Amino acid sequence: MQPIQRRILSVLILLAGLAWIFLRADKIGASTAGRIPAPQKGFLAPEFTLATPKGEKITLSELKGKAVLVNIWATWCGPCREEMPTIEKVYREYKDQGLVVLGVNSTYQDNQVGIVPFLEAYNITFPVVLDETGDVARKYDLRSLPSSFFINRDGTINEVVIGGPMSEALLRTRIEEILNSPSN
Amino acid sequence: MLTLFRNIFAAPRDLILILAAAWLGLTLSEKRAARHGVDSNELNNLLFAALLAYIIGGRLFYAAEHLNAFVKSPLSLVSINITLFDMWGALAAAIITGFVYCQRRRLSPLPALDALTPFFATLAIGIGFSHLATGAAFGQETTLPWGINLWSATRHPTQIYEIIASILTLGWLWSRKAESKPGSDFLLFAALTSASQLFIAGFRGDSALVFGGLRAEQIAAWIVLLVSLAGMEFLKPKEAEPMVISERIYSVPKPSAKPTARKSASAANKVRRRVAKNKPRRSK
């Protein structure tokens with residue numbers, strides 16, 4: 001190809017690229033923008049209502065306006081056990097600023113009898129709810145334990161961390177992000 | 001099939017796909033190193049240094065950005081959480097290290113980049129597979145028959161588009177004849193990848209919108225495309241080795257006919273003798 005032909009082709013490619021950018025601008029669905037629920041960054045956190053071991057019911061949507069960390073765990077899971085004290089430590093530090101930690105125990109794949117002694121042994125003060133049917137695991141597309149979902153004050157997911165244990169710095173940086181997120 | 005794939009390589013196991021692609025890419029690059037006049041061992045060392053800088057630089061830049069969190073828990077600096085990572089900082093560290101390595105080892109950066117092009121192209125395929133496994137870089141909703149069910153909707157399989165485009169790019173680069181312009185393979189890779197990303201990003205459902213609705217990924221890809229196409233215009237062919245001329249060339253009167261080398265040499269001798277004869281003797 002002659003240099004002049006190549007240059008003309010380059011210019012045409014660039015112009016076509018510009019046209020494509022403007023053609024695909026601001027289409028519906030270009031950004032999820034928290035419109036539909038899905039367990040992925042940018043989406044609305046899927047709704048659930050679960051009970052604590054004492055029988056109190058907690059609904060996720062009722063926590064709107066607060067920064068929420070949903071941590072899905074099980075007593076037999078090593079990384080879950082390792083990260084529990086760090087989550088508890090950070091929760092105590094940030095709860096007055098509007099942080100809610102919601103531990104969701106995968107009860108359908110755990111020993112329900114061992115859950116309360118586990119929480120006492122680790123001095124867990126944040127609320128823990130029981131996923132007895134696996135409904136939350138399905139809604140949150142659970143593939144590994146632990147899985148953590150950092151939810152903004154407006155109810156959208158800010159970050160998903162699959163696997164663990166989460167380090168203290170990771171928890172702090174993500175929690176500070178969701179605490180600083182706007183409510184609407 | 002897709003569900004099985006996503007179950008097997010769900011995060012953080014998707015890293016296996018990226019590592020496998022990196023290994024395959026490096027093997028291909030080693031095979032192509034000689035074509036660009038680069039020693040394959042040097043290429044390995046260069047890549048190792050750059051990757052090390054990428055990993056360490058990414059963590060250090062992240063720590064510098066979130067200093068308070070790391071001051072409270074310094075051990076987090078060596079945590080296994082891969083999300084404690086600043087990609088741009090990592091890239092800057094890798095590029096700087098790569099250039100310093102090239103300078104110290106007197107390795108030309110452009111041929112080295114050309115030799116590494118199969119590595120980058122294969123890595124791009126691995127990243128596409130990783131996106132497919134984790135559901136990242138997902139498409140917007142569609143009614144097309146090849147849509148995939150992801151994140152509560154039937155969506156454009158943008159990750160599959162990405163894989164196909166990357167495979168085609170690698171195929172193009174691999175089947176290309178040797179170029180005399182150093183840097184041309186790398187710039188072609190950059191141009192093809194940015195052009196395909198510019199096209200595919202138009203179907204993404206996770207775009208960051210800027211300037212009243214334009215997709216940030218498309219704008220970034222267009223800029224890279226512009227730079228790589230412009231760069232290709234400025235590439236110069238590899239300089240030929242200078243010829244060593246051992247014979248001395250004498251200044252001779254211009255003959256009427258084109259003389260042979262022997263004729264011109266004898267003519268030069270005649271001139272020299274004539275000059276010597278006419279030279280005035282120095283008085284004692």
# chains A, B, ... in the order shown; residues from 1 in each chain; ligands from 1

$ residues_around --residues "range 171-173 of chain B" --least-positions-apart "3" --cutoff "9 Å" --atoms "only C-alpha atoms" --output "PyMOL selection string"
chain B and resi 117-118+121+166-168+176-177+185+188-189

$ write_last_selection --atoms "N, CA and C atoms" --output "mmCIF file, in the first residue's frame"
data_model
loop_
_atom_site.group_PDB
_atom_site.id
_atom_site.type_symbol
_atom_site.label_atom_id
_atom_site.label_comp_id
_atom_site.auth_asym_id
_atom_site.auth_seq_id
_atom_site.Cartn_x
_atom_site.Cartn_y
_atom_site.Cartn_z
ATOM 1 N N THR B 117 5.309 -8.634 21.355
ATOM 2 C CA THR B 117 3.935 -8.479 20.856
ATOM 3 C C THR B 117 3.105 -9.761 20.956
ATOM 4 N N PRO B 118 3.642 -10.956 20.582
ATOM 5 C CA PRO B 118 2.829 -12.173 20.767
ATOM 6 C C PRO B 118 2.439 -12.395 22.234
ATOM 7 N N ALA B 121 -0.468 -10.036 22.874
ATOM 8 C CA ALA B 121 -1.671 -10.465 22.149
ATOM 9 C C ALA B 121 -2.294 -11.694 22.811
ATOM 10 N N SER B 166 -9.324 -10.725 19.946
ATOM 11 C CA SER B 166 -7.929 -10.931 20.379
ATOM 12 C C SER B 166 -7.296 -12.087 19.618
ATOM 13 N N ILE B 167 -8.076 -13.146 19.367
ATOM 14 C CA ILE B 167 -7.536 -14.288 18.611
ATOM 15 C C ILE B 167 -7.201 -13.850 17.176
ATOM 16 N N LEU B 168 -8.108 -13.060 16.573
ATOM 17 C CA LEU B 168 -7.855 -12.576 15.208
ATOM 18 C C LEU B 168 -6.607 -11.684 15.170
ATOM 19 N N ARG B 176 2.127 -12.475 9.893
ATOM 20 C CA ARG B 176 2.708 -11.332 9.201
ATOM 21 C C ARG B 176 4.172 -11.611 8.840
ATOM 22 N N LYS B 177 4.554 -11.099 7.673
ATOM 23 C CA LYS B 177 5.957 -11.252 7.272
ATOM 24 C C LYS B 177 6.833 -10.313 8.106
ATOM 25 N N ASP B 185 5.359 -4.031 14.567
ATOM 26 C CA ASP B 185 4.506 -5.113 15.090
ATOM 27 C C ASP B 185 3.739 -4.637 16.320
ATOM 28 N N LEU B 188 1.104 -2.077 15.422
ATOM 29 C CA LEU B 188 -0.039 -2.713 14.749
ATOM 30 C C LEU B 188 -0.920 -3.414 15.784
ATOM 31 N N PHE B 189 -0.271 -4.084 16.749
ATOM 32 C CA PHE B 189 -1.028 -4.731 17.826
ATOM 33 C C PHE B 189 -1.854 -3.684 18.590
#

$ residues_around --residues "range 79-96 of chain A" --least-positions-apart "5" --cutoff "8 Å" --atoms "only C-alpha atoms" --output "PyMOL selection string"
chain A and resi 73-74+101+122+124-126+145-146+163-168+171-172

$ interface_residues --of "chain A" --to "chain B" --cutoff "7 Å" --atoms "only C-alpha atoms" --output "compact mmCIF listing (two decimals) with all heavy atoms, in the first residue's frame"
# COMPACT_ATOMS: atom_id res chain seq x y z
N SER A 10 -6.06 5.51 7.39
CA SER A 10 -5.95 5.82 8.82
C SER A 10 -6.97 6.89 9.22
O SER A 10 -7.66 6.77 10.23
CB SER A 10 -4.54 6.31 9.17
OG SER A 10 -3.61 5.30 8.93
N LEU A 14 -10.16 6.54 11.78
CA LEU A 14 -10.34 7.41 12.95
C LEU A 14 -11.71 8.12 12.90
O LEU A 14 -12.39 8.25 13.92
CB LEU A 14 -9.22 8.43 13.02
CG LEU A 14 -7.86 7.85 13.45
CD1 LEU A 14 -6.74 8.85 13.24
CD2 LEU A 14 -7.90 7.41 14.91
N GLY A 17 -14.34 5.68 13.77
CA GLY A 17 -14.30 5.47 15.23
C GLY A 17 -15.05 6.56 15.97
O GLY A 17 -15.84 6.29 16.87
N ILE A 21 -18.43 6.27 18.31
CA ILE A 21 -18.50 6.76 19.70
C ILE A 21 -19.80 7.56 19.89
O ILE A 21 -20.53 7.36 20.86
CB ILE A 21 -17.27 7.63 20.04
CG1 ILE A 21 -16.01 6.75 20.11
CG2 ILE A 21 -17.47 8.36 21.37
CD1 ILE A 21 -14.72 7.53 20.29
N PHE A 22 -20.08 8.46 18.94
CA PHE A 22 -21.28 9.30 19.09
C PHE A 22 -22.56 8.50 18.86
O PHE A 22 -23.59 8.76 19.48
CB PHE A 22 -21.20 10.51 18.14
CG PHE A 22 -20.28 11.56 18.67
CD1 PHE A 22 -18.97 11.66 18.23
CD2 PHE A 22 -20.70 12.44 19.66
CE1 PHE A 22 -18.10 12.61 18.74
CE2 PHE A 22 -19.84 13.41 20.19
CZ PHE A 22 -18.54 13.49 19.72
N ARG A 24 -23.05 5.39 19.68
CA ARG A 24 -23.32 4.51 20.82
C ARG A 24 -23.38 5.28 22.14
O ARG A 24 -23.34 4.67 23.21
CB ARG A 24 -22.25 3.42 20.93
CG ARG A 24 -22.12 2.53 19.72
CD ARG A 24 -23.38 1.77 19.41
NE ARG A 24 -23.75 0.84 20.46
CZ ARG A 24 -24.88 0.13 20.47
NH1 ARG A 24 -25.75 0.27 19.49
NH2 ARG A 24 -25.14 -0.71 21.46
N ALA A 25 -23.44 6.60 22.07
CA ALA A 25 -23.44 7.40 23.29
C ALA A 25 -24.79 7.34 24.00
O ALA A 25 -25.83 7.34 23.35
CB ALA A 25 -23.10 8.84 22.97
N ASP A 26 -24.71 7.25 25.32
CA ASP A 26 -25.87 7.40 26.19
C ASP A 26 -27.07 6.55 25.79
O ASP A 26 -28.21 7.00 25.82
CB ASP A 26 -26.27 8.87 26.28
CG ASP A 26 -27.10 9.14 27.54
OD1 ASP A 26 -26.99 8.35 28.50
OD2 ASP A 26 -27.84 10.10 27.54
N GLY A 29 -28.90 1.27 28.94
CA GLY A 29 -28.13 0.07 29.23
C GLY A 29 -26.65 0.26 29.05
O GLY A 29 -25.87 -0.64 29.29
N ALA A 30 -26.25 1.46 28.59
CA ALA A 30 -24.82 1.74 28.45
C ALA A 30 -24.13 1.64 29.80
O ALA A 30 -22.99 1.24 29.91
CB ALA A 30 -24.60 3.12 27.86
N SER A 31 -24.87 2.02 30.82
CA SER A 31 -24.37 1.88 32.17
C SER A 31 -25.50 1.31 33.02
O SER A 31 -26.63 1.74 32.92
CB SER A 31 -23.94 3.24 32.72
OG SER A 31 -23.64 3.10 34.07
N THR A 32 -25.17 0.32 33.83
CA THR A 32 -26.22 -0.31 34.64
C THR A 32 -26.83 0.69 35.62
O THR A 32 -28.02 0.66 35.87
CB THR A 32 -25.63 -1.48 35.44
OG1 THR A 32 -24.47 -1.01 36.11
CG2 THR A 32 -25.28 -2.63 34.54
N ALA A 38 -28.42 -7.25 40.84
CA ALA A 38 -27.51 -8.34 40.44
C ALA A 38 -26.28 -8.26 41.35
O ALA A 38 -25.92 -7.15 41.79
CB ALA A 38 -27.11 -8.23 38.98
N ARG A 143 -20.14 -18.44 44.61
CA ARG A 143 -19.26 -19.47 44.04
C ARG A 143 -18.12 -19.82 44.97
O ARG A 143 -17.47 -20.85 44.80
CB ARG A 143 -18.69 -18.99 42.71
CG ARG A 143 -19.72 -18.94 41.61
CD ARG A 143 -19.22 -18.17 40.41
NE ARG A 143 -20.33 -17.72 39.59
CZ ARG A 143 -20.86 -18.42 38.61
NH1 ARG A 143 -20.40 -19.61 38.32
NH2 ARG A 143 -21.86 -17.96 37.91
N ILE A 162 -14.32 -11.69 46.32
CA ILE A 162 -14.55 -13.13 46.39
C ILE A 162 -13.31 -13.77 47.01
O ILE A 162 -12.19 -13.50 46.58
CB ILE A 162 -14.77 -13.73 44.98
CG1 ILE A 162 -15.81 -12.94 44.19
CG2 ILE A 162 -15.12 -15.22 45.05
CD1 ILE A 162 -17.23 -13.13 44.59
N GLY A 163 -13.53 -14.61 47.98
CA GLY A 163 -12.41 -15.28 48.65
C GLY A 163 -11.87 -14.44 49.80
O GLY A 163 -12.28 -13.31 50.01
N MET A 166 -9.84 -11.26 54.01
CA MET A 166 -9.61 -9.87 53.63
C MET A 166 -8.67 -9.23 54.64
O MET A 166 -8.82 -9.45 55.85
CB MET A 166 -10.93 -9.10 53.64
CG MET A 166 -11.86 -9.46 52.50
SD MET A 166 -13.31 -8.40 52.46
CE MET A 166 -14.23 -8.97 53.87
N SER A 167 -7.73 -8.46 54.13
CA SER A 167 -6.79 -7.79 55.05
C SER A 167 -7.47 -6.56 55.64
O SER A 167 -8.47 -6.06 55.10
CB SER A 167 -5.53 -7.38 54.31
OG SER A 167 -5.84 -6.41 53.36
N GLU A 168 -6.87 -6.06 56.72
CA GLU A 168 -7.45 -4.90 57.39
C GLU A 168 -7.46 -3.68 56.46
O GLU A 168 -8.43 -2.92 56.43
CB GLU A 168 -6.63 -4.60 58.65
CG GLU A 168 -7.37 -3.78 59.66
CD GLU A 168 -6.55 -3.53 60.91
OE1 GLU A 168 -5.92 -4.48 61.41
OE2 GLU A 168 -6.54 -2.38 61.36
N ALA A 169 -6.37 -3.52 55.70
CA ALA A 169 -6.29 -2.36 54.79
C ALA A 169 -7.38 -2.43 53.73
O ALA A 169 -7.98 -1.41 53.38
CB ALA A 169 -4.92 -2.29 54.14
N LEU A 170 -7.64 -3.63 53.22
CA LEU A 170 -8.69 -3.79 52.21
C LEU A 170 -10.04 -3.39 52.81
O LEU A 170 -10.81 -2.62 52.20
CB LEU A 170 -8.73 -5.24 51.72
CG LEU A 170 -9.89 -5.61 50.78
CD1 LEU A 170 -9.79 -4.85 49.47
CD2 LEU A 170 -9.92 -7.09 50.49
N ARG A 172 -10.63 -1.44 55.38
CA ARG A 172 -10.67 0.00 55.67
C ARG A 172 -10.90 0.83 54.40
O ARG A 172 -11.74 1.73 54.39
CB ARG A 172 -9.36 0.44 56.33
CG ARG A 172 -9.23 0.06 57.77
CD ARG A 172 -7.93 0.59 58.35
NE ARG A 172 -7.68 -0.03 59.63
CZ ARG A 172 -8.27 0.34 60.75
NH1 ARG A 172 -9.13 1.34 60.73
NH2 ARG A 172 -8.02 -0.28 61.88
N THR A 173 -10.15 0.50 53.33
CA THR A 173 -10.28 1.33 52.12
C THR A 173 -11.68 1.21 51.52
O THR A 173 -12.28 2.20 51.12
CB THR A 173 -9.22 0.96 51.06
OG1 THR A 173 -9.29 -0.44 50.82
CG2 THR A 173 -7.83 1.31 51.50

$ atom_distance --atom1 "CA of Ser106 in chain A" --atom2 "CA of Leu4 in chain B"
21.8 Å

$ residues_around --residues "Lys236 in chain B" --least-positions-apart "4" --cutoff "10 Å" --atoms "only C-alpha atoms" --output "ChimeraX atom specification"
/B:180-184,232

$ write_last_selection --atoms "N, CA, C and O atoms" --output "PDB file, in the first residue's frame"
ATOM      1  N   SER B 180      10.683  -4.447   8.211  1.00  0.00           N
ATOM      2  CA  SER B 180      11.994  -3.820   8.367  1.00  0.00           C
ATOM      3  C   SER B 180      11.950  -2.638   9.335  1.00  0.00           C
ATOM      4  O   SER B 180      12.974  -2.116   9.726  1.00  0.00           O
ATOM      5  N   LYS B 181      10.713  -2.240   9.726  1.00  0.00           N
ATOM      6  CA  LYS B 181      10.604  -1.082  10.613  1.00  0.00           C
ATOM      7  C   LYS B 181      10.456  -1.537  12.055  1.00  0.00           C
ATOM      8  O   LYS B 181       9.403  -2.095  12.413  1.00  0.00           O
ATOM      9  N   PRO B 182      11.453  -1.294  12.900  1.00  0.00           N
ATOM     10  CA  PRO B 182      11.305  -1.693  14.305  1.00  0.00           C
ATOM     11  C   PRO B 182      10.146  -0.938  14.955  1.00  0.00           C
ATOM     12  O   PRO B 182       9.990   0.262  14.753  1.00  0.00           O
ATOM     13  N   GLY B 183       9.325  -1.638  15.711  1.00  0.00           N
ATOM     14  CA  GLY B 183       8.182  -1.032  16.394  1.00  0.00           C
ATOM     15  C   GLY B 183       6.879  -1.250  15.652  1.00  0.00           C
ATOM     16  O   GLY B 183       5.794  -1.003  16.200  1.00  0.00           O
ATOM     17  N   SER B 184       6.956  -1.719  14.393  1.00  0.00           N
ATOM     18  CA  SER B 184       5.726  -1.809  13.598  1.00  0.00           C
ATOM     19  C   SER B 184       4.797  -2.919  14.109  1.00  0.00           C
ATOM     20  O   SER B 184       3.580  -2.752  14.098  1.00  0.00           O
ATOM     21  N   MET B 232       2.860   4.799  13.557  1.00  0.00           N
ATOM     22  CA  MET B 232       3.243   3.967  12.408  1.00  0.00           C
ATOM     23  C   MET B 232       3.763   4.823  11.249  1.00  0.00           C
ATOM     24  O   MET B 232       4.581   4.387  10.456  1.00  0.00           O
TER      25      MET B 232
END

$ closest_residue --among "A:Ile13, A:Ile4, A:Val70, A:Ile175" --to "Asn105 in chain A" --atoms "only C-alpha atoms"
A:Val70
